[in-house]
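One file, query-v7.csv, is given below (CSV, C-alpha atoms).
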```csv
chain,number,residue,atom,x,y,z
A,1,MET,CA,-77.4,80.6,159.9
A,2,THR,CA,-81.2,80.2,159.6
A,3,ARG,CA,-82.1,83.9,159.4
A,4,TRP,CA,-83.1,83.4,155.8
A,5,LEU,CA,-85.7,80.9,157.0
A,6,ASP,CA,-87.0,83.4,159.6
A,7,GLU,CA,-87.7,85.9,156.9
A,8,VAL,CA,-90.5,83.7,155.6
A,9,PRO,CA,-93.7,84.5,157.7
A,10,TRP,CA,-94.7,80.9,158.2
A,11,GLY,CA,-98.3,81.8,159.0
A,12,LYS,CA,-101.1,80.1,160.9
A,13,ASP,CA,-100.7,76.7,159.1
A,14,GLY,CA,-97.0,77.0,158.8
A,15,LEU,CA,-97.1,76.7,155.0
A,16,VAL,CA,-96.1,78.8,152.0
A,17,PRO,CA,-97.1,78.2,148.4
A,18,VAL,CA,-94.3,77.1,146.1
A,19,VAL,CA,-94.3,77.6,142.3
A,20,THR,CA,-91.9,75.2,140.5
A,21,GLN,CA,-90.7,75.9,137.1
A,22,GLU,CA,-88.5,73.9,134.6
A,23,PHE,CA,-85.2,75.8,134.4
A,24,SER,CA,-84.6,75.1,130.7
A,25,THR,CA,-88.0,75.9,129.2
A,26,GLY,CA,-89.7,78.1,131.8
A,27,ARG,CA,-92.7,75.8,131.9
A,28,VAL,CA,-94.6,76.1,135.2
A,29,LEU,CA,-94.8,72.5,136.5
A,30,THR,CA,-96.5,72.6,139.9
A,31,LEU,CA,-98.0,74.7,142.7
A,32,ALA,CA,-97.1,72.9,146.0
A,33,TRP,CA,-96.6,73.8,149.6
A,34,MET,CA,-93.6,73.9,152.0
A,35,ASN,CA,-93.2,74.2,155.7
A,36,ARG,CA,-90.0,75.3,157.4
A,37,GLU,CA,-88.6,71.7,157.4
A,38,ALA,CA,-89.4,71.2,153.7
A,39,LEU,CA,-87.6,74.4,152.7
A,40,THR,CA,-84.7,73.5,155.0
A,41,GLN,CA,-84.3,70.1,153.4
A,42,THR,CA,-84.8,71.5,149.9
A,43,ALA,CA,-81.9,73.9,150.4
A,44,GLU,CA,-79.7,71.4,152.1
A,45,SER,CA,-80.3,68.5,149.7
A,46,GLY,CA,-80.6,70.4,146.4
A,47,GLN,CA,-83.7,68.4,145.6
A,48,ALA,CA,-87.3,69.6,146.0
A,49,VAL,CA,-89.0,68.5,149.2
A,50,TYR,CA,-92.6,69.7,149.8
A,51,TRP,CA,-95.2,69.3,152.5
A,52,SER,CA,-98.1,67.2,151.3
A,53,ARG,CA,-101.3,68.7,152.6
A,54,SER,CA,-103.3,65.6,151.7
A,55,ARG,CA,-101.0,63.2,153.4
A,56,GLY,CA,-99.9,65.5,156.2
A,57,LYS,CA,-96.2,64.7,155.8
A,58,LEU,CA,-93.0,65.7,154.1
A,59,TRP,CA,-93.0,64.7,150.5
A,60,ARG,CA,-89.7,64.1,148.7
A,61,LYS,CA,-90.8,64.9,145.2
A,62,GLY,CA,-90.0,61.8,143.1
A,63,GLU,CA,-89.7,59.4,146.0
A,64,GLU,CA,-92.2,57.0,144.4
A,65,SER,CA,-92.2,58.2,140.7
A,66,GLY,CA,-88.5,58.8,140.3
A,67,HIS,CA,-89.4,62.2,139.0
A,68,THR,CA,-87.2,64.2,141.2
A,69,GLN,CA,-86.5,67.9,140.9
A,70,LYS,CA,-82.9,69.2,141.0
A,71,ILE,CA,-82.8,72.7,142.4
A,72,ARG,CA,-81.2,75.4,140.2
A,73,GLU,CA,-82.5,78.4,142.1
A,74,ILE,CA,-84.7,79.2,145.1
A,75,ARG,CA,-86.4,82.6,144.9
A,76,LEU,CA,-88.6,84.5,147.4
A,77,ASP,CA,-91.2,87.1,146.4
A,78,CYS,CA,-91.5,90.7,147.6
A,79,ASP,CA,-93.9,89.9,150.4
A,80,SER,CA,-91.8,86.9,151.4
A,81,ASP,CA,-94.9,84.7,151.3
A,82,ALA,CA,-94.3,82.7,148.2
A,83,ILE,CA,-91.4,80.7,146.9
A,84,LEU,CA,-90.3,80.0,143.3
A,85,LEU,CA,-88.1,77.0,142.5
A,86,ARG,CA,-86.3,76.7,139.2
A,87,VAL,CA,-85.5,73.0,138.7
A,88,ASP,CA,-84.3,70.4,136.3
A,89,GLN,CA,-87.3,68.0,136.2
A,90,ALA,CA,-86.2,64.4,136.0
A,91,GLY,CA,-87.9,62.5,133.2
A,92,GLY,CA,-89.6,65.7,132.0
A,93,ILE,CA,-92.7,64.7,134.0
A,94,ALA,CA,-93.9,66.6,137.0
A,95,CYS,CA,-97.5,65.5,137.2
A,96,HIS,CA,-98.9,62.3,138.7
A,97,THR,CA,-101.0,62.0,135.5
A,98,GLY,CA,-97.8,61.4,133.5
A,99,ARG,CA,-97.8,64.8,131.9
A,100,GLU,CA,-95.0,67.4,132.0
A,101,SER,CA,-96.9,70.0,134.0
A,102,CYS,CA,-99.8,69.8,136.4
A,103,PHE,CA,-101.3,72.8,134.5
A,104,PHE,CA,-102.4,70.7,131.5
A,105,ARG,CA,-106.0,72.1,131.2
A,106,LYS,CA,-106.8,75.4,129.5
A,107,LEU,CA,-110.0,77.4,129.7
A,108,ASP,CA,-111.6,77.3,126.3
A,109,ASN,CA,-115.1,78.6,125.7
A,110,GLY,CA,-116.2,78.0,129.2
A,111,ARG,CA,-114.6,74.5,129.5
A,112,TRP,CA,-111.4,73.2,130.9
A,113,VAL,CA,-109.8,71.3,128.1
A,114,ALA,CA,-106.7,69.0,128.5
A,115,THR,CA,-104.2,70.3,126.0
A,116,ASP,CA,-101.1,68.4,127.0
A,117,PRO,CA,-100.2,64.8,126.1
A,118,VAL,CA,-99.7,62.0,128.7
A,119,LEU,CA,-96.0,61.2,128.3
A,120,LYS,CA,-96.0,58.0,130.4
A,121,ASP,CA,-98.8,55.9,131.7
A,122,PRO,CA,-99.2,56.4,135.5
A,123,ALA,CA,-99.5,52.7,135.9
A,124,ASP,CA,-95.9,52.4,134.7
A,125,ILE,CA,-94.7,55.3,136.8
A,126,TYR,CA,-96.1,54.0,140.0
A,127,LYS,CA,-95.7,50.3,139.6
A,128,LYS,CA,-94.0,48.6,142.5
B,1,MET,CA,-122.4,78.3,131.8
B,2,THR,CA,-120.5,78.5,135.1
B,3,ARG,CA,-119.7,74.8,135.5
B,4,TRP,CA,-116.1,75.5,134.8
B,5,LEU,CA,-116.1,77.8,137.9
B,6,ASP,CA,-117.7,75.0,140.0
B,7,GLU,CA,-114.8,72.7,139.2
B,8,VAL,CA,-112.6,74.9,141.4
B,9,PRO,CA,-113.0,73.7,145.0
B,10,TRP,CA,-113.1,77.2,146.5
B,11,GLY,CA,-112.2,76.0,149.9
B,12,LYS,CA,-112.8,77.4,153.4
B,13,ASP,CA,-111.6,80.9,152.6
B,14,GLY,CA,-113.0,80.9,149.1
B,15,LEU,CA,-109.5,81.5,147.6
B,16,VAL,CA,-107.2,79.7,145.2
B,17,PRO,CA,-103.5,80.6,144.6
B,18,VAL,CA,-102.8,82.0,141.1
B,19,VAL,CA,-99.4,81.8,139.4
B,20,THR,CA,-98.9,84.5,136.8
B,21,GLN,CA,-96.3,84.1,134.0
B,22,GLU,CA,-95.2,86.5,131.2
B,23,PHE,CA,-96.3,84.8,128.0
B,24,SER,CA,-93.4,85.8,125.8
B,25,THR,CA,-90.5,85.0,128.2
B,26,GLY,CA,-92.0,82.5,130.7
B,27,ARG,CA,-90.8,84.6,133.6
B,28,VAL,CA,-92.9,84.0,136.7
B,29,LEU,CA,-94.2,87.4,137.8
B,30,THR,CA,-96.4,86.9,140.8
B,31,LEU,CA,-98.2,84.6,143.1
B,32,ALA,CA,-101.6,86.0,144.0
B,33,TRP,CA,-105.1,84.9,145.0
B,34,MET,CA,-108.5,84.7,143.4
B,35,ASN,CA,-112.0,84.2,144.7
B,36,ARG,CA,-114.8,83.1,142.4
B,37,GLU,CA,-115.7,86.7,141.5
B,38,ALA,CA,-112.1,87.5,140.6
B,39,LEU,CA,-111.8,84.5,138.3
B,40,THR,CA,-115.1,85.4,136.7
B,41,GLN,CA,-114.1,88.9,136.0
B,42,THR,CA,-110.7,87.8,134.7
B,43,ALA,CA,-112.2,85.5,132.2
B,44,GLU,CA,-114.9,88.0,131.1
B,45,SER,CA,-112.6,91.1,130.9
B,46,GLY,CA,-109.5,89.4,129.5
B,47,GLN,CA,-107.5,91.3,132.2
B,48,ALA,CA,-106.2,89.9,135.5
B,49,VAL,CA,-108.3,90.6,138.5
B,50,TYR,CA,-107.2,89.2,141.9
B,51,TRP,CA,-108.5,89.2,145.4
B,52,SER,CA,-106.3,91.3,147.6
B,53,ARG,CA,-105.9,89.5,150.9
B,54,SER,CA,-104.3,92.5,152.6
B,55,ARG,CA,-107.0,94.9,151.5
B,56,GLY,CA,-109.9,92.4,151.5
B,57,LYS,CA,-111.3,93.4,148.2
B,58,LEU,CA,-111.1,92.8,144.4
B,59,TRP,CA,-107.9,94.0,142.9
B,60,ARG,CA,-107.9,94.9,139.2
B,61,LYS,CA,-104.2,94.5,138.6
B,62,GLY,CA,-102.8,97.8,137.3
B,63,GLU,CA,-105.7,99.9,138.5
B,64,GLU,CA,-103.2,102.2,140.2
B,65,SER,CA,-99.9,101.4,138.5
B,66,GLY,CA,-101.1,101.0,135.0
B,67,HIS,CA,-99.3,97.7,134.9
B,68,THR,CA,-102.2,95.6,133.7
B,69,GLN,CA,-102.0,92.0,132.7
B,70,LYS,CA,-103.7,90.9,129.4
B,71,ILE,CA,-104.8,87.3,129.6
B,72,ARG,CA,-103.4,84.9,127.0
B,73,GLU,CA,-104.3,81.7,128.8
B,74,ILE,CA,-106.0,80.5,131.9
B,75,ARG,CA,-104.9,77.1,133.1
B,76,LEU,CA,-106.0,74.8,135.9
B,77,ASP,CA,-103.9,72.2,137.6
B,78,CYS,CA,-104.6,68.5,138.1
B,79,ASP,CA,-106.1,68.9,141.6
B,80,SER,CA,-108.1,72.0,140.4
B,81,ASP,CA,-106.8,74.0,143.3
B,82,ALA,CA,-104.3,76.3,141.6
B,83,ILE,CA,-104.6,78.5,138.5
B,84,LEU,CA,-101.9,79.6,136.1
B,85,LEU,CA,-102.3,82.8,134.0
B,86,ARG,CA,-100.1,83.4,131.0
B,87,VAL,CA,-100.2,87.2,130.3
B,88,ASP,CA,-98.8,90.1,128.5
B,89,GLN,CA,-97.5,92.3,131.3
B,90,ALA,CA,-98.0,96.0,130.5
B,91,GLY,CA,-94.8,98.0,131.0
B,92,GLY,CA,-92.8,94.8,131.7
B,93,ILE,CA,-93.3,95.5,135.4
B,94,ALA,CA,-95.4,93.3,137.7
B,95,CYS,CA,-93.9,94.1,141.1
B,96,HIS,CA,-94.8,97.1,143.3
B,97,THR,CA,-91.1,97.6,143.8
B,98,GLY,CA,-90.7,98.6,140.1
B,99,ARG,CA,-89.2,95.2,139.1
B,100,GLU,CA,-90.3,92.9,136.4
B,101,SER,CA,-91.1,90.0,138.8
B,102,CYS,CA,-92.0,89.8,142.5
B,103,PHE,CA,-89.5,86.9,142.7
B,104,PHE,CA,-86.5,89.2,142.6
B,105,ARG,CA,-84.6,87.6,145.5
B,106,LYS,CA,-82.5,84.5,145.2
B,107,LEU,CA,-81.1,82.3,148.0
B,108,ASP,CA,-77.3,82.6,147.9
B,109,ASN,CA,-75.2,81.2,150.6
B,110,GLY,CA,-77.9,81.4,153.3
B,111,ARG,CA,-79.0,84.9,152.3
B,112,TRP,CA,-81.8,86.3,150.1
B,113,VAL,CA,-80.1,88.5,147.6
B,114,ALA,CA,-81.9,90.9,145.3
B,115,THR,CA,-80.7,90.0,141.8
B,116,ASP,CA,-83.1,92.0,139.5
B,117,PRO,CA,-82.9,95.7,138.7
B,118,VAL,CA,-85.6,98.3,139.6
B,119,LEU,CA,-86.9,99.3,136.2
B,120,LYS,CA,-89.0,102.2,137.4
B,121,ASP,CA,-89.0,104.2,140.7
B,122,PRO,CA,-92.2,103.2,142.6
B,123,ALA,CA,-92.6,106.9,143.4
B,124,ASP,CA,-93.1,107.5,139.7
B,125,ILE,CA,-95.3,104.5,139.3
B,126,TYR,CA,-97.8,105.4,142.1
B,127,LYS,CA,-97.7,109.2,141.9
B,128,LYS,CA,-101.2,110.7,141.7
```
Represent the structure contained in this file as structure tokens.
Amino acid sequence: MTRWLDEVPWGKDGLVPVVTQEFSTGRVLTLAWMNREALTQTAESGQAVYWSRSRGKLWRKGEESGHTQKIREIRLDCDSDAILLRVDQAGGIACHTGRESCFFRKLDNGRWVATDPVLKDPADIYKK
Amino acid sequence: MTRWLDEVPWGKDGLVPVVTQEFSTGRVLTLAWMNREALTQTAESGQAVYWSRSRGKLWRKGEESGHTQKIREIRLDCDSDAILLRVDQAGGIACHTGRESCFFRKLDNGRWVATDPVLKDPADIYKK
């Protein structure tokens, strides 16, 4: 029953890049990473689970912020080395800066310019 | 004038992952890679240029297929380690299989199922 997992070539570091997109609007929210366990848990739980490269552990998206991602679709690309999630983003905020998308900067005349508003203060998102 | 390029931490292998999305529909087309030269040429030419990891060289998207990607926006994520292109996809086909998107398979009951039609026979796309 795990043959679909074996079709992903997990590579040297055991990770694949994962594009996550808001289902309703198509907005690209994040580029994150999964290992085999993260993809397994994502498929089983119906909620996005990534591998945090900086923390070196599984990362249940929203475990601190509450900004979970409910899975609508899991897609695989032609080379089987990238995954696309289409999700319902809780709170409409995917980024730790309080913005909808992590891709909030646009190249404009040789500068990266933040174009998207902060929807919620990170201090309020991550308060204990 | 290249400070915007220096803001990308080019990493050990000198590559960053690049998500490419059709501007008009929001469909995610590809996950590819860029090095510094590819991003420079993309910004200067207004056409997507990637780094082909399999061929180990710059890859002007569409150089063989004609399926070029005209840049509408170049975006950078919060950690500066992923890029998002919003493009006009020539021919409406990004995938070498002749489909719109490389993400044409969906996880369905423990199997990857091809859900998208082949719009053009690859033999016709790549004929000399």
Just the residues within 9 Å of Arg75 (chain A), please, counting only C-alpha atoms, with nothing from its chain fewer than 4 positions along; format it as a PDB file with C-alpha atoms, in the frame of the given file.
```
ATOM      1  CA  ALA A  82     -94.300  82.700 148.200  1.00  0.00           C
ATOM      2  CA  ILE A  83     -91.400  80.700 146.900  1.00  0.00           C
ATOM      3  CA  LEU A  84     -90.300  80.000 143.300  1.00  0.00           C
ATOM      4  CA  LEU A  85     -88.100  77.000 142.500  1.00  0.00           C
ATOM      5  CA  ARG A  86     -86.300  76.700 139.200  1.00  0.00           C
TER       6      ARG A  86
ATOM      7  CA  PHE B 103     -89.500  86.900 142.700  1.00  0.00           C
ATOM      8  CA  PHE B 104     -86.500  89.200 142.600  1.00  0.00           C
ATOM      9  CA  ARG B 105     -84.600  87.600 145.500  1.00  0.00           C
ATOM     10  CA  LYS B 106     -82.500  84.500 145.200  1.00  0.00           C
ATOM     11  CA  LEU B 107     -81.100  82.300 148.000  1.00  0.00           C
ATOM     12  CA  TRP B 112     -81.800  86.300 150.100  1.00  0.00           C
TER      13      TRP B 112
END
```
Task: Expected answer as a PyMOL selection string: chain B residues within 10 Å of chain A, only C-alpha atoms - done: chain B and resi 1-5+7+17-21+25-32+43+73-85+95-97+99+101-115
Open item on the list: Report as a PyMOL selection string all protein, DNA and RNA residues lying within 12 Å of Gly14 (chain A), evaluated on all atoms listed in the file, omitting residues in the same chain fewer than 6 positions from it.
Closed with: chain A and resi 6+8+33-39+51+53+81
Least-squares superpose chain A onto chain B - every C-alpha atom, paired in order - and show me the moved coordinates as an mmCIF file with C-alpha atoms, in the coordinates of the input.
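Once everything was written out, this is out.cif:
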```cif
data_model
loop_
_atom_site.group_PDB
_atom_site.id
_atom_site.type_symbol
_atom_site.label_atom_id
_atom_site.label_comp_id
_atom_site.auth_asym_id
_atom_site.auth_seq_id
_atom_site.Cartn_x
_atom_site.Cartn_y
_atom_site.Cartn_z
ATOM 1 C CA MET A 1 -122.405 78.267 131.758
ATOM 2 C CA THR A 2 -120.474 78.488 135.061
ATOM 3 C CA ARG A 3 -119.700 74.776 135.462
ATOM 4 C CA TRP A 4 -116.062 75.527 134.823
ATOM 5 C CA LEU A 5 -116.116 77.773 137.889
ATOM 6 C CA ASP A 6 -117.734 74.995 139.978
ATOM 7 C CA GLU A 7 -114.875 72.701 139.207
ATOM 8 C CA VAL A 8 -112.588 74.851 141.332
ATOM 9 C CA PRO A 9 -113.007 73.706 145.047
ATOM 10 C CA TRP A 10 -113.202 77.191 146.468
ATOM 11 C CA GLY A 11 -112.274 76.036 149.963
ATOM 12 C CA LYS A 12 -112.824 77.416 153.447
ATOM 13 C CA ASP A 13 -111.571 80.974 152.591
ATOM 14 C CA GLY A 14 -112.926 80.898 149.123
ATOM 15 C CA LEU A 15 -109.497 81.515 147.573
ATOM 16 C CA VAL A 16 -107.144 79.735 145.185
ATOM 17 C CA PRO A 17 -103.511 80.586 144.554
ATOM 18 C CA VAL A 18 -102.752 82.026 141.134
ATOM 19 C CA VAL A 19 -99.325 81.852 139.427
ATOM 20 C CA THR A 20 -98.905 84.521 136.696
ATOM 21 C CA GLN A 21 -96.357 84.179 134.073
ATOM 22 C CA GLU A 22 -95.201 86.499 131.180
ATOM 23 C CA PHE A 23 -96.384 84.802 127.977
ATOM 24 C CA SER A 24 -93.376 85.846 125.879
ATOM 25 C CA THR A 25 -90.484 84.997 128.196
ATOM 26 C CA GLY A 26 -91.941 82.495 130.668
ATOM 27 C CA ARG A 27 -90.823 84.615 133.593
ATOM 28 C CA VAL A 28 -92.918 83.934 136.713
ATOM 29 C CA LEU A 29 -94.184 87.394 137.769
ATOM 30 C CA THR A 30 -96.467 86.914 140.772
ATOM 31 C CA LEU A 31 -98.197 84.506 143.161
ATOM 32 C CA ALA A 32 -101.644 86.064 143.955
ATOM 33 C CA TRP A 33 -105.040 84.888 145.008
ATOM 34 C CA MET A 34 -108.512 84.743 143.366
ATOM 35 C CA ASN A 35 -111.984 84.151 144.604
ATOM 36 C CA ARG A 36 -114.865 83.082 142.391
ATOM 37 C CA GLU A 37 -115.676 86.738 141.446
ATOM 38 C CA ALA A 38 -112.037 87.508 140.583
ATOM 39 C CA LEU A 39 -111.771 84.506 138.261
ATOM 40 C CA THR A 40 -115.162 85.360 136.750
ATOM 41 C CA GLN A 41 -114.087 88.900 135.982
ATOM 42 C CA THR A 42 -110.659 87.779 134.777
ATOM 43 C CA ALA A 43 -112.265 85.503 132.195
ATOM 44 C CA GLU A 44 -114.894 87.963 131.185
ATOM 45 C CA SER A 45 -112.634 91.021 130.919
ATOM 46 C CA GLY A 46 -109.447 89.396 129.579
ATOM 47 C CA GLN A 47 -107.463 91.289 132.173
ATOM 48 C CA ALA A 48 -106.162 89.869 135.468
ATOM 49 C CA VAL A 49 -108.331 90.600 138.485
ATOM 50 C CA TYR A 50 -107.209 89.163 141.867
ATOM 51 C CA TRP A 51 -108.494 89.192 145.410
ATOM 52 C CA SER A 52 -106.246 91.229 147.659
ATOM 53 C CA ARG A 53 -105.912 89.456 150.964
ATOM 54 C CA SER A 54 -104.384 92.510 152.624
ATOM 55 C CA ARG A 55 -107.052 94.875 151.516
ATOM 56 C CA GLY A 56 -109.923 92.407 151.562
ATOM 57 C CA LYS A 57 -111.248 93.434 148.144
ATOM 58 C CA LEU A 58 -111.091 92.755 144.450
ATOM 59 C CA TRP A 59 -107.923 94.057 142.959
ATOM 60 C CA ARG A 60 -107.806 94.983 139.268
ATOM 61 C CA LYS A 61 -104.144 94.427 138.651
ATOM 62 C CA GLY A 62 -102.784 97.733 137.280
ATOM 63 C CA GLU A 63 -105.639 99.889 138.487
ATOM 64 C CA GLU A 64 -103.227 102.281 140.228
ATOM 65 C CA SER A 65 -99.852 101.402 138.505
ATOM 66 C CA GLY A 66 -101.102 101.036 134.967
ATOM 67 C CA HIS A 67 -99.360 97.717 134.913
ATOM 68 C CA THR A 68 -102.197 95.656 133.737
ATOM 69 C CA GLN A 69 -102.043 92.038 132.663
ATOM 70 C CA LYS A 70 -103.659 90.928 129.374
ATOM 71 C CA ILE A 71 -104.771 87.332 129.599
ATOM 72 C CA ARG A 72 -103.368 84.918 126.972
ATOM 73 C CA GLU A 73 -104.333 81.702 128.712
ATOM 74 C CA ILE A 74 -106.000 80.533 131.926
ATOM 75 C CA ARG A 75 -104.888 77.077 133.069
ATOM 76 C CA LEU A 76 -106.049 74.856 135.971
ATOM 77 C CA ASP A 77 -103.865 72.216 137.637
ATOM 78 C CA CYS A 78 -104.615 68.516 138.123
ATOM 79 C CA ASP A 79 -106.099 68.945 141.566
ATOM 80 C CA SER A 80 -108.084 71.956 140.381
ATOM 81 C CA ASP A 81 -106.737 73.989 143.300
ATOM 82 C CA ALA A 82 -104.335 76.275 141.576
ATOM 83 C CA ILE A 83 -104.563 78.530 138.582
ATOM 84 C CA LEU A 84 -101.866 79.592 136.080
ATOM 85 C CA LEU A 85 -102.284 82.762 134.018
ATOM 86 C CA ARG A 86 -100.144 83.438 130.987
ATOM 87 C CA VAL A 87 -100.247 87.205 130.368
ATOM 88 C CA ASP A 88 -98.769 90.060 128.465
ATOM 89 C CA GLN A 89 -97.477 92.297 131.311
ATOM 90 C CA ALA A 90 -97.976 95.954 130.547
ATOM 91 C CA GLY A 91 -94.818 97.993 131.004
ATOM 92 C CA GLY A 92 -92.821 94.821 131.726
ATOM 93 C CA ILE A 93 -93.290 95.480 135.462
ATOM 94 C CA ALA A 94 -95.342 93.270 137.687
ATOM 95 C CA CYS A 95 -93.984 94.155 141.090
ATOM 96 C CA HIS A 96 -94.876 97.137 143.274
ATOM 97 C CA THR A 97 -91.097 97.596 143.777
ATOM 98 C CA GLY A 98 -90.758 98.534 140.088
ATOM 99 C CA ARG A 99 -89.146 95.288 139.097
ATOM 100 C CA GLU A 100 -90.338 92.842 136.413
ATOM 101 C CA SER A 101 -91.148 89.983 138.767
ATOM 102 C CA CYS A 102 -92.021 89.823 142.431
ATOM 103 C CA PHE A 103 -89.497 86.920 142.684
ATOM 104 C CA PHE A 104 -86.437 89.207 142.534
ATOM 105 C CA ARG A 105 -84.499 87.648 145.504
ATOM 106 C CA LYS A 106 -82.448 84.467 145.193
ATOM 107 C CA LEU A 107 -81.103 82.289 147.973
ATOM 108 C CA ASP A 108 -77.356 82.594 147.924
ATOM 109 C CA ASN A 109 -75.200 81.165 150.682
ATOM 110 C CA GLY A 110 -77.876 81.405 153.251
ATOM 111 C CA ARG A 111 -79.039 84.947 152.250
ATOM 112 C CA TRP A 112 -81.779 86.291 150.111
ATOM 113 C CA VAL A 113 -80.083 88.506 147.615
ATOM 114 C CA ALA A 114 -81.936 90.925 145.213
ATOM 115 C CA THR A 115 -80.738 89.978 141.769
ATOM 116 C CA ASP A 116 -83.108 91.948 139.596
ATOM 117 C CA PRO A 117 -82.892 95.655 138.704
ATOM 118 C CA VAL A 118 -85.588 98.245 139.635
ATOM 119 C CA LEU A 119 -86.912 99.273 136.217
ATOM 120 C CA LYS A 120 -88.961 102.277 137.410
ATOM 121 C CA ASP A 121 -88.995 104.107 140.665
ATOM 122 C CA PRO A 122 -92.192 103.264 142.645
ATOM 123 C CA ALA A 123 -92.613 106.895 143.405
ATOM 124 C CA ASP A 124 -93.150 107.487 139.683
ATOM 125 C CA ILE A 125 -95.408 104.487 139.281
ATOM 126 C CA TYR A 126 -97.720 105.433 142.047
ATOM 127 C CA LYS A 127 -97.735 109.169 141.830
ATOM 128 C CA LYS A 128 -101.174 110.704 141.725
#
```
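For the pair CA of Arg55 (chain B) and CA of Tyr126 (chain B), the interatomic distance is 16.8 Å.
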TODO: Work out how far apart CA of Gly98 (chain B) and CA of Ile125 (chain B) are and give it in Å to one decimal.
DONE: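 Interatomic distance here is 7.5 Å.
When CA of Lys127 (chain B) is paired with CA of Glu22 (chain B), their separation reads 25.2 Å.
For Asp88 (chain A), the set of protein, DNA and RNA residues having any atom at most 8 Å away, when counting only C-alpha atoms and skipping those fewer than 4 positions along the same chain, is Glu22, Phe23, Ser24, Gln69, Lys70, Ile71 and Arg72 of chain A.
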Report, as JSON, the axis-aligned box around all atoms of region 92-100 of chain A present in the file, extended by 5 Å on each side; give centre and edge lengths in Å to one decimal place.
```
{"center_x": -95.3, "center_y": 64.4, "center_z": 135.3, "size_x": 21.4, "size_y": 16.0, "size_z": 16.8}
```
